[in-house]
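**Q** Got a file for you: entry-v9.cif, mmCIF, C-alpha atoms and all ligand atoms.
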data_entry
#
loop_
_atom_site.label_atom_id
_atom_site.label_comp_id
_atom_site.auth_asym_id
_atom_site.auth_seq_id
_atom_site.Cartn_x
_atom_site.Cartn_y
_atom_site.Cartn_z
CA MET F 288 0.00 0.00 0.00
CA VAL F 289 1.28 3.47 -0.82
CA LYS F 290 1.26 6.17 1.85
CA ASP F 291 -0.46 8.79 -0.23
CA THR F 292 -1.66 8.99 -3.81
CA GLU F 293 -1.47 12.72 -4.55
CA TYR F 294 1.20 12.44 -7.24
CA TYR F 295 -0.65 9.55 -8.87
CA ASP F 296 -3.88 11.57 -8.74
CA ARG F 297 -2.22 14.58 -10.41
CA LEU F 298 -1.33 12.38 -13.38
CA GLY F 299 -4.62 10.47 -13.24
CA VAL F 300 -2.97 7.06 -12.87
CA SER F 301 -3.18 4.32 -10.29
CA PRO F 302 -0.35 3.51 -7.84
CA THR F 303 0.16 0.20 -9.65
CA SER F 304 0.84 1.86 -13.02
CA THR F 305 3.95 0.94 -14.96
CA GLY F 306 6.66 3.46 -15.85
CA ARG F 307 5.39 3.52 -19.40
CA GLU F 308 1.81 4.28 -18.33
CA ILE F 309 3.05 7.11 -16.13
CA LYS F 310 5.08 8.60 -18.97
CA LYS F 311 2.11 8.41 -21.32
CA ALA F 312 -0.21 10.05 -18.77
CA TYR F 313 2.32 12.82 -18.19
CA ARG F 314 2.63 13.57 -21.89
CA LEU F 315 -1.13 13.68 -22.39
CA ASN F 316 -1.70 15.93 -19.37
CA ALA F 317 1.27 18.17 -20.14
CA LEU F 318 -0.05 18.76 -23.65
CA GLU F 319 -3.24 20.19 -22.16
CA SER F 320 -1.68 22.21 -19.38
CA HIS F 321 1.42 23.54 -21.17
CA PRO F 322 1.51 27.33 -20.68
CA ASP F 323 2.30 27.86 -24.37
CA LYS F 324 -1.09 26.40 -25.11
CA GLY F 325 -2.95 28.58 -22.64
CA GLY F 326 -2.63 26.21 -19.69
CA SER F 327 -1.74 27.26 -16.19
CA GLU F 328 1.94 27.42 -15.31
CA GLU F 329 1.12 26.31 -11.78
CA GLU F 330 -0.70 23.24 -13.09
CA PHE F 331 2.21 22.36 -15.39
CA LYS F 332 4.66 22.63 -12.48
CA LYS F 333 2.50 20.38 -10.33
CA LEU F 334 2.32 17.77 -13.08
CA SER F 335 6.05 17.91 -13.70
CA GLU F 336 6.82 17.62 -9.99
CA ALA F 337 4.68 14.46 -9.82
CA TYR F 338 6.33 13.07 -12.95
CA GLU F 339 9.83 13.85 -11.70
CA VAL F 340 9.21 11.66 -8.67
CA LEU F 341 7.13 8.86 -10.22
CA SER F 342 9.40 8.44 -13.25
CA ASP F 343 12.41 7.77 -11.05
CA PRO F 344 12.11 4.30 -9.49
CA SER F 345 14.06 5.13 -6.35
CA LYS F 346 12.19 8.43 -5.74
CA ARG F 347 8.93 6.63 -6.45
CA GLN F 348 9.72 3.95 -3.89
CA LYS F 349 10.55 6.57 -1.23
CA TYR F 350 7.36 8.42 -2.05
CA ASP F 351 5.26 5.24 -1.88
CA GLN F 352 6.77 4.39 1.46
CA PHE F 353 6.92 7.75 3.21
CA GLY F 354 4.65 10.10 1.27
CA LYS F 355 5.34 13.53 -0.13
CA ASP F 356 5.99 15.49 3.04
CA ASN F 357 8.13 13.09 5.04
CA GLN F 358 10.94 12.57 2.63
CA ASP F 359 13.55 14.65 0.92
CA LEU F 360 12.75 13.93 -2.71
CA GLY F 361 15.23 16.44 -4.04
CA GLN F 362 14.68 19.75 -5.79
CA VAL F 363 12.46 19.48 -8.85
CA ASN F 364 14.04 21.02 -11.92
CA ILE F 365 11.04 22.37 -13.83
CA GLN F 366 13.20 23.94 -16.53
CA LYS F 367 14.41 20.49 -17.46
CA PHE F 368 10.83 19.46 -18.25
CA TRP F 369 10.18 22.69 -20.04
CA ASP F 370 13.05 21.98 -22.38
CA MET F 371 12.44 18.27 -22.64
CA PHE F 372 8.76 18.55 -23.28
CA ASN F 373 8.02 21.38 -25.60
CA PRO F 374 5.30 20.22 -27.97
CA PHE F 375 5.24 23.57 -29.71
CA GLN F 376 8.75 23.77 -30.97
CA ALA F 377 9.03 23.91 -34.74
CA PRO F 378 8.73 20.39 -36.14
CA THR F 379 11.84 19.18 -37.86
CA ASN F 380 11.53 16.99 -40.89
CA ARG F 381 15.24 16.74 -41.39
CA LYS F 382 15.64 13.48 -39.53
CA THR F 383 14.67 10.07 -40.90
CA ALA F 384 12.08 8.27 -38.75
CA THR F 385 13.43 6.30 -35.78
CA LEU F 386 14.21 2.63 -36.33
CA VAL F 387 12.94 0.50 -33.46
CA TYR F 388 13.96 -3.05 -32.65
CA ASP F 389 12.40 -5.24 -29.95
CA LEU F 390 14.98 -7.37 -28.21
CA HIS F 391 13.44 -10.18 -26.18
CA VAL F 392 15.53 -11.47 -23.30
CA SER F 393 14.87 -13.94 -20.52
CA LEU F 394 15.12 -12.82 -16.92
CA GLU F 395 18.12 -15.10 -16.49
CA LYS F 396 19.85 -13.46 -19.45
CA LEU F 397 19.05 -10.00 -18.08
CA CYS F 398 20.76 -10.92 -14.80
CA THR F 399 24.01 -11.75 -16.58
CA LYS F 400 24.37 -8.02 -17.36
CA GLU F 401 26.22 -9.04 -20.50
CA THR F 402 26.57 -7.01 -23.64
CA ILE F 403 24.63 -8.52 -26.53
CA LYS F 404 25.95 -8.13 -30.04
CA LEU F 405 23.22 -7.45 -32.52
CA ARG F 406 23.62 -7.34 -36.27
CA VAL F 407 21.16 -4.93 -37.81
CA GLU F 408 20.46 -4.19 -41.44
CA ARG F 409 19.75 -0.55 -42.11
CA ASP F 410 18.95 1.54 -45.16
CA ARG F 411 21.60 4.17 -45.79
CA VAL F 412 22.26 6.62 -48.57
CA CYS F 413 24.91 5.12 -50.85
CA ASP F 414 28.18 6.93 -51.51
CA CYS F 415 27.31 7.04 -55.20
CA ALA F 416 24.31 9.20 -54.34
CA ILE F 417 26.18 11.42 -51.89
CA THR F 418 28.90 12.24 -54.42
CA SER F 419 26.56 12.48 -57.40
CA GLU F 420 26.09 15.57 -59.52
CA LYS F 421 23.34 18.09 -59.04
CA CYS F 422 20.44 17.31 -61.39
CA THR F 423 20.53 19.68 -64.34
CA VAL F 424 16.86 19.25 -65.19
CA CYS F 425 15.51 20.62 -61.92
CA ASP F 426 18.68 22.45 -60.84
CA GLY F 427 18.84 20.41 -57.66
CA ARG F 428 15.37 21.38 -56.44
CA GLY F 429 13.80 17.96 -57.07
CA VAL F 430 10.73 19.56 -58.61
CA VAL F 431 10.03 21.07 -62.01
CA LEU F 432 7.39 23.53 -63.12
CA GLN F 433 5.35 22.66 -66.14
CA MET F 434 3.50 25.37 -68.09
CA ASN F 435 0.38 24.44 -70.01
CA GLN F 436 -1.24 26.90 -72.38
CA LEU F 437 -4.95 26.52 -71.74
CA GLY F 438 -6.09 29.26 -74.12
CA PRO F 439 -5.16 32.76 -75.19
CA GLY F 440 -3.52 34.45 -72.19
CA MET F 441 -4.31 31.53 -69.92
CA ILE F 442 -1.38 29.55 -68.64
CA GLN F 443 -1.64 26.76 -66.11
CA GLN F 444 1.44 26.14 -63.99
CA ILE F 445 1.88 22.69 -62.46
CA GLN F 446 4.69 21.65 -60.13
CA HIS F 447 5.70 18.02 -60.17
CA SER F 448 8.51 15.82 -58.98
CA CYS F 449 11.50 15.75 -61.33
CA THR F 450 11.47 12.48 -63.27
CA LYS F 451 15.15 12.65 -64.17
CA CYS F 452 16.41 12.62 -60.55
CA ARG F 453 13.22 11.10 -59.04
CA GLY F 454 12.80 14.17 -56.88
CA ASN F 455 16.18 13.76 -55.17
CA GLY F 456 17.78 16.87 -56.63
CA LYS F 457 20.84 14.83 -57.52
CA PHE F 458 21.20 12.59 -60.50
CA PHE F 459 22.56 9.12 -60.04
CA GLU F 460 21.84 5.78 -61.56
CA GLY F 461 22.86 3.70 -58.58
CA CYS F 462 25.75 1.30 -58.42
CA GLU F 463 26.19 -2.40 -57.76
CA GLU F 464 25.92 -1.75 -54.02
CA CYS F 465 22.59 0.07 -54.03
CA ILE F 466 19.17 0.34 -55.56
CA ASN F 467 18.45 3.88 -56.65
CA GLY F 468 21.02 5.24 -54.23
CA ILE F 469 19.85 3.38 -51.11
CA LYS F 470 21.99 0.53 -49.90
CA LYS F 471 21.44 -2.10 -47.25
CA GLU F 472 24.15 -1.81 -44.64
CA ASN F 473 24.87 -4.25 -41.82
CA LYS F 474 26.26 -2.99 -38.59
CA ILE F 475 26.93 -4.73 -35.30
CA PHE F 476 25.61 -2.95 -32.23
CA GLU F 477 26.70 -3.76 -28.72
CA VAL F 478 23.72 -3.51 -26.41
CA PRO F 479 24.36 -3.32 -22.67
CA ILE F 480 21.63 -5.60 -21.49
CA GLN F 481 21.23 -3.91 -18.12
CA SER F 482 19.42 -1.14 -20.02
CA GLY F 483 16.50 -3.58 -19.70
CA ILE F 484 16.45 -3.08 -15.95
CA ASP F 485 15.68 0.63 -15.79
CA SER F 486 12.15 1.95 -16.02
CA ASP F 487 12.33 2.84 -19.71
CA HIS F 488 13.81 -0.43 -20.91
CA HIS F 489 15.43 1.05 -23.94
CA HIS F 490 18.83 1.82 -25.32
CA LYS F 491 19.30 4.54 -27.90
CA PHE F 492 21.97 4.76 -30.59
CA PRO F 493 21.65 8.33 -31.89
CA ASN F 494 21.76 8.74 -35.69
CA GLU F 495 22.31 5.01 -36.27
CA GLY F 496 18.94 4.15 -37.83
CA ASN F 497 17.82 4.34 -41.45
CA GLN F 498 18.71 7.23 -43.70
CA TYR F 499 16.87 8.43 -46.77
CA PHE F 500 17.49 11.18 -49.26
CA ASP F 501 17.59 14.79 -48.13
CA LYS F 502 17.28 13.70 -44.51
CA ASP F 503 19.69 13.19 -41.66
CA PRO F 504 20.10 9.68 -40.29
CA GLY F 505 17.40 8.66 -37.84
CA ASP F 506 17.99 7.23 -34.36
CA PHE F 507 18.07 3.54 -33.60
CA ILE F 508 16.27 2.46 -30.45
CA ILE F 509 16.36 -1.00 -28.94
CA HIS F 510 13.46 -1.86 -26.64
CA ILE F 511 14.47 -4.56 -24.24
CA ILE F 512 11.48 -6.75 -23.50
CA ILE F 513 11.73 -9.19 -20.62
CA ASP F 514 10.05 -12.49 -21.48
CA PRO F 515 7.48 -13.76 -18.96
CA HIS F 516 9.04 -16.03 -16.33
CA PRO F 517 7.19 -18.98 -14.77
CA ASP F 518 8.08 -17.88 -11.23
CA TRP F 519 9.23 -14.27 -11.11
CA GLN F 520 7.63 -11.02 -12.13
CA THR F 521 9.54 -7.76 -12.30
CA GLU F 522 8.33 -4.44 -10.97
CA SER F 523 10.76 -1.50 -11.23
CA ALA F 524 13.71 -3.88 -10.76
CA ASN F 525 12.05 -5.53 -7.76
CA LEU F 526 11.55 -9.27 -8.17
CA CYS F 527 8.10 -10.48 -7.16
CA ILE F 528 6.91 -14.01 -6.52
CA ARG F 529 3.64 -15.54 -5.31
CA ARG F 530 3.32 -18.49 -2.99
CA LYS F 531 0.32 -20.36 -1.64
CA ILE F 532 0.84 -21.50 1.95
CA THR F 533 -1.20 -23.09 4.72
CA LEU F 534 -2.42 -21.27 7.83
CA ARG F 535 0.04 -23.35 9.85
CA GLN F 536 2.92 -22.10 7.65
CA ALA F 537 1.66 -18.52 7.94
CA LEU F 538 1.71 -18.72 11.72
CA LEU F 539 4.69 -20.97 12.40
CA GLY F 540 6.99 -20.33 9.48
CA TYR F 541 7.53 -21.14 5.82
CA GLN F 542 10.80 -22.34 4.33
CA GLU F 543 11.85 -22.58 0.70
CA LYS F 544 15.05 -22.37 -1.27
CA LEU F 545 14.28 -19.72 -3.91
CA LYS F 546 16.27 -19.73 -7.10
CA HIS F 547 17.11 -16.16 -8.06
CA PRO F 548 17.21 -15.63 -11.87
CA ASN F 549 20.95 -14.94 -11.44
CA GLY F 550 21.34 -18.53 -10.20
CA GLU F 551 21.82 -17.67 -6.52
CA ILE F 552 19.94 -19.83 -4.03
CA ILE F 553 18.13 -17.71 -1.50
CA GLU F 554 17.01 -19.27 1.76
CA LEU F 555 13.56 -18.09 2.63
CA ASN F 556 12.63 -18.77 6.23
CA THR F 557 9.79 -16.82 7.80
CA THR F 558 9.99 -18.51 11.19
CA GLY F 559 9.49 -15.85 13.84
CA SER F 560 7.20 -13.71 11.66
CA VAL F 561 3.47 -14.13 11.28
CA LEU F 562 2.51 -13.82 7.63
CA ASN F 563 -0.70 -12.20 6.51
CA PRO F 564 -2.19 -11.91 3.03
CA TYR F 565 -1.99 -8.10 2.98
CA ASP F 566 1.67 -7.41 3.70
CA PRO F 567 4.21 -8.84 1.29
CA TYR F 568 7.34 -10.36 2.77
CA ILE F 569 10.48 -8.51 1.69
CA ILE F 570 14.00 -9.81 1.25
CA PRO F 571 15.89 -6.53 0.94
CA GLY F 572 18.63 -5.92 -1.60
CA LYS F 573 17.98 -9.05 -3.62
CA GLY F 574 16.11 -7.56 -6.57
CA LEU F 575 17.59 -7.12 -10.04
CA ILE F 576 19.88 -4.46 -8.59
CA THR F 577 21.16 -4.16 -5.03
CA THR F 578 18.86 -1.25 -4.21
CA ARG F 579 15.79 -3.36 -5.07
CA ASP F 580 14.15 -6.23 -3.23
CA ILE F 581 12.55 -9.61 -3.54
CA ILE F 582 8.87 -9.23 -2.70
CA ILE F 583 6.90 -12.35 -1.81
CA HIS F 584 3.11 -12.25 -1.86
CA PHE F 585 1.59 -15.02 0.22
CA ASN F 586 -1.79 -16.44 -0.49
CA ILE F 587 -2.90 -18.16 2.72
CA ASP F 588 -5.11 -21.19 2.44
CA PHE F 589 -7.39 -20.82 5.48
CA PRO F 590 -9.25 -23.93 6.68
CA VAL F 591 -12.96 -23.86 5.83
CA TYR F 592 -13.92 -25.65 9.05
CA LEU F 593 -12.45 -26.16 12.52
CA HIS F 594 -13.19 -29.33 14.46
CA GLU F 595 -14.50 -28.82 17.96
CA GLU F 596 -11.30 -30.19 19.45
CA SER F 597 -9.08 -27.87 17.40
CA ARG F 598 -11.26 -24.91 18.23
CA LYS F 599 -10.94 -25.58 21.96
CA LYS F 600 -7.17 -25.90 21.71
CA LEU F 601 -6.96 -22.66 19.79
CA GLU F 602 -9.15 -20.91 22.33
CA GLU F 603 -6.71 -21.85 25.03
CA LEU F 604 -3.76 -20.65 23.00
CA LEU F 605 -4.99 -17.37 21.52
ZN ZN F 701 15.98 16.66 -61.08
ZN ZN F 702 25.33 3.22 -55.04
#
Can the structure in the file be given as structure tokens, please?
**A**
Amino acid sequence: MVKDTEYYDRLGVSPTSTGREIKKAYRLNALESHPDKGGSEEEFKKLSEAYEVLSDPSKRQKYDQFGKDNQDLGQVNIQKFWDMFNPFQAPTNRKTATLVYDLHVSLEKLCTKETIKLRVERDRVCDCAITSEKCTVCDGRGVVLQMNQLGPGMIQQIQHSCTKCRGNGKFFEGCEECINGIKKENKIFEVPIQSGIDSDHHHKFPNEGNQYFDKDPGDFIIHIIIDPHPDWQTESANLCIRRKITLRQALLGYQEKLKHPNGEIIELNTTGSVLNPYDPYIIPGKGLITTRDIIIHFNIDFPVYLHEESRKKLEELL
């Protein structure tokens, strides 16, 4: 249970939302309340403050545990959001669209923190096109004007893409490495797999995506997707597991050797604690990173009926 929900309420999300849901909610809300669009500056600051905390897993955990007022969550840098999220800046069409690749990894693989080598085929502008001559038909503009005489004194002017250079502004026929100036290029990328642990789960290679004519190279983004695991679920780098236990185990203790996805055997022994279905049992520091935990949710199988004899014994004990 979280201590207070104010930040979640500001963004209109629930305390169980994922990092991605929180980011999406922030963007939608910020679009409406951005001062450049007539929104209130105060409102935008409040939203950004909530997002600053909830988008950072460690700040979010502190907030969930202690609330807004009882914890030093650090100074919120509103200017950062202003610059980062400015939906009204002039759109730039110079860059080729981002190339996105989904990299599926198992939880075990993620824990190795290895670097994965990935061979990716991209479209790039061929050297023959880069060094080609300016098209003489359109004078490098890529478009030509066509005049049609419709009648005396009436001239229709139509602009269309230059057929000689196919609208590229440069004339080239292509070479053995490309088709019409675009070549397929293989490149090996080294992806640090621990990028899959943070809340955004992505790794960006700026300007390493596709490239088409008259545009700058686009970015290449690798989304690291953790495959479902039969035992463990992940939640902001915490590792969660569910176990069904008896009432006796809840009261007297439950033991199990848990196998961490990194291969470590973790001795779980709850003897000395009374387990209840509402409070998860925490093994601190054993999550995917040392600042995160193992969280065990117990589902307690209560007896449906107590025999008279058992009831009397319990009455004496409790
Ligand atoms: Zn041309
Ligand atoms: Zn070529």
**Q** Identify, counting only C-alpha atoms and all ligand atoms, the protein, DNA and RNA residues located within 12 Å of ligand ZN 702 (chain F), and give them as a compact mmCIF listing (two decimals) with C-alpha atoms, keeping the file's coordinate frame.
**A**
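Saved result, part.txt, follows:
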# COMPACT_ATOMS: atom_id res chain seq x y z
CA ASP F 410 18.95 1.54 -45.16
CA ARG F 411 21.60 4.17 -45.79
CA VAL F 412 22.26 6.62 -48.57
CA CYS F 413 24.91 5.12 -50.85
CA ASP F 414 28.18 6.93 -51.51
CA CYS F 415 27.31 7.04 -55.20
CA ALA F 416 24.31 9.20 -54.34
CA ILE F 417 26.18 11.42 -51.89
CA THR F 418 28.90 12.24 -54.42
CA SER F 419 26.56 12.48 -57.40
CA PHE F 458 21.20 12.59 -60.50
CA PHE F 459 22.56 9.12 -60.04
CA GLU F 460 21.84 5.78 -61.56
CA GLY F 461 22.86 3.70 -58.58
CA CYS F 462 25.75 1.30 -58.42
CA GLU F 463 26.19 -2.40 -57.76
CA GLU F 464 25.92 -1.75 -54.02
CA CYS F 465 22.59 0.07 -54.03
CA ILE F 466 19.17 0.34 -55.56
CA ASN F 467 18.45 3.88 -56.65
CA GLY F 468 21.02 5.24 -54.23
CA ILE F 469 19.85 3.38 -51.11
CA LYS F 470 21.99 0.53 -49.90
CA LYS F 471 21.44 -2.10 -47.25
CA GLU F 472 24.15 -1.81 -44.64
**Q** Which residues form the shell of 8 Å around ligand ZN 701 (chain F) when you count all atoms listed in the file, given as a ChimeraX atom specification?
**A** /F:421-431,448-458
**Q** Which of these, F:Lys290, F:His516, F:His490, F:Arg529, has the shortest distance to Gln352 in chain F once you count all atoms listed in the file?
**A**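 Closest candidate: F:Lys290.
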**Q** For the atom pair CA of Pro548 in chain F and CA of Ile581 in chain F, what is the interatomic distance in Å to one decimal place?
**A**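 Distance between the two atoms: 11.3 Å.
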**Q** For a quick check of understanding, using all atoms listed in the file, which of F:Ile513, F:Arg314, F:Gln436, F:Tyr338 has the smallest distance to Tyr350 in chain F?
**A**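 Once distances to Tyr350 in chain F are computed over all atoms listed in the file, the minimum belongs to F:Tyr338.
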**Q** What lies within 8 Å of Arg530 in chain F using all atoms listed in the file, ignoring chain neighbours under 2 positions off, as a ChimeraX atom specification?
**A** /F:528,532,583-586
**Q** Neighbours of Lys474 in chain F within 7 Å (only C-alpha atoms; same-chain residues fewer than 6 positions away dropped), as a VMD selection string?
**A** chain F and resid 406 to 408
**Q** Skipping near chain neighbours, those fewer than 5 positions away, what residues fall within 12 Å of Asp291 in chain F using only C-alpha atoms, listed as an MDAnalysis selection string?
**A** chainID F and resid 296:297 301:302 347:357
**Q** Point out the residue among F:Ile512, F:Leu545, F:Ile582, F:Ile576 with the least atom-to-atom distance to Lys400 in chain F, counting all atoms listed in the file.
**A**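 Smallest separation from Lys400 in chain F among the options: F:Ile576.
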**Q** Leaving out range 476-488 of chain F and any residue of its chain fewer than 6 positions from it, which residues lie within 10 Å of it when counting all atoms listed in the file, given as a ChimeraX atom specification?
**A** /F:305-307,310,342-344,390-392,394,396-407,495,509-513,521-525,575-576
**Q** So how far away is CA of Leu386 in chain F from CA of Asp503 in chain F, in Å?
**A**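 These two atoms are separated by 13.0 Å.
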**Q** One decimal, in Å: what's the spacing between CA of Glu330 in chain F and CA of Asn316 in chain F?
**A** 9.7 Å
**Q** Have a look at F:Phe589, F:Tyr388, F:Tyr565, F:Tyr541 and name the one nearest to Phe507 in chain F; count all atoms listed in the file.
**A**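 Answer, going by the shortest atom-to-atom distance: F:Tyr388.
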**Q** Taking (-3.1, 23.9, -61.8) in the file's own coordinates, collect the residues within 10 Å, counting only C-alpha atoms, and hand them back as a PDB file with C-alpha atoms, in the frame of the given file.
**A**
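And here is the file that came out, out.pdb:
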ATOM      1  CA  GLN F 433       5.350  22.660 -66.140  1.00  0.00           C
ATOM      2  CA  MET F 434       3.500  25.370 -68.090  1.00  0.00           C
ATOM      3  CA  ASN F 435       0.380  24.440 -70.010  1.00  0.00           C
ATOM      4  CA  ILE F 442      -1.380  29.550 -68.640  1.00  0.00           C
ATOM      5  CA  GLN F 443      -1.640  26.760 -66.110  1.00  0.00           C
ATOM      6  CA  GLN F 444       1.440  26.140 -63.990  1.00  0.00           C
ATOM      7  CA  ILE F 445       1.880  22.690 -62.460  1.00  0.00           C
ATOM      8  CA  GLN F 446       4.690  21.650 -60.130  1.00  0.00           C
TER       9      GLN F 446
END
**Q** Considering only C-alpha atoms, state which residue in the set F:Gly496, F:Pro439, F:Pro564, F:Pro515 is at the smallest distance from Ala384 in chain F.
**A** F:Gly496
**Q** If I put a ball of radius 7 Å at (9.4, -22.3, 5.8) in the file's coordinates, which residues poke into it when counting only C-alpha atoms, written as a ChimeraX atom specification?
**A** /F:536,540-543,555-558
**Q** Asp580 in chain F: which residues within 8 Å, counting all atoms listed in the file, same-chain residues fewer than 5 positions away excluded, as a PyMOL selection string?
**A** chain F and resi 524-526+569-575
**Q** Using 5 Å of padding on each side, determine the axis-aligned box around all atoms of range 420-438 of chain F present in the file and give its centre and edge lengths in Å to one decimal, as JSON.
**A**
{"center_x": 10.0, "center_y": 22.4, "center_z": -65.3, "size_x": 42.2, "size_y": 23.7, "size_z": 27.7}
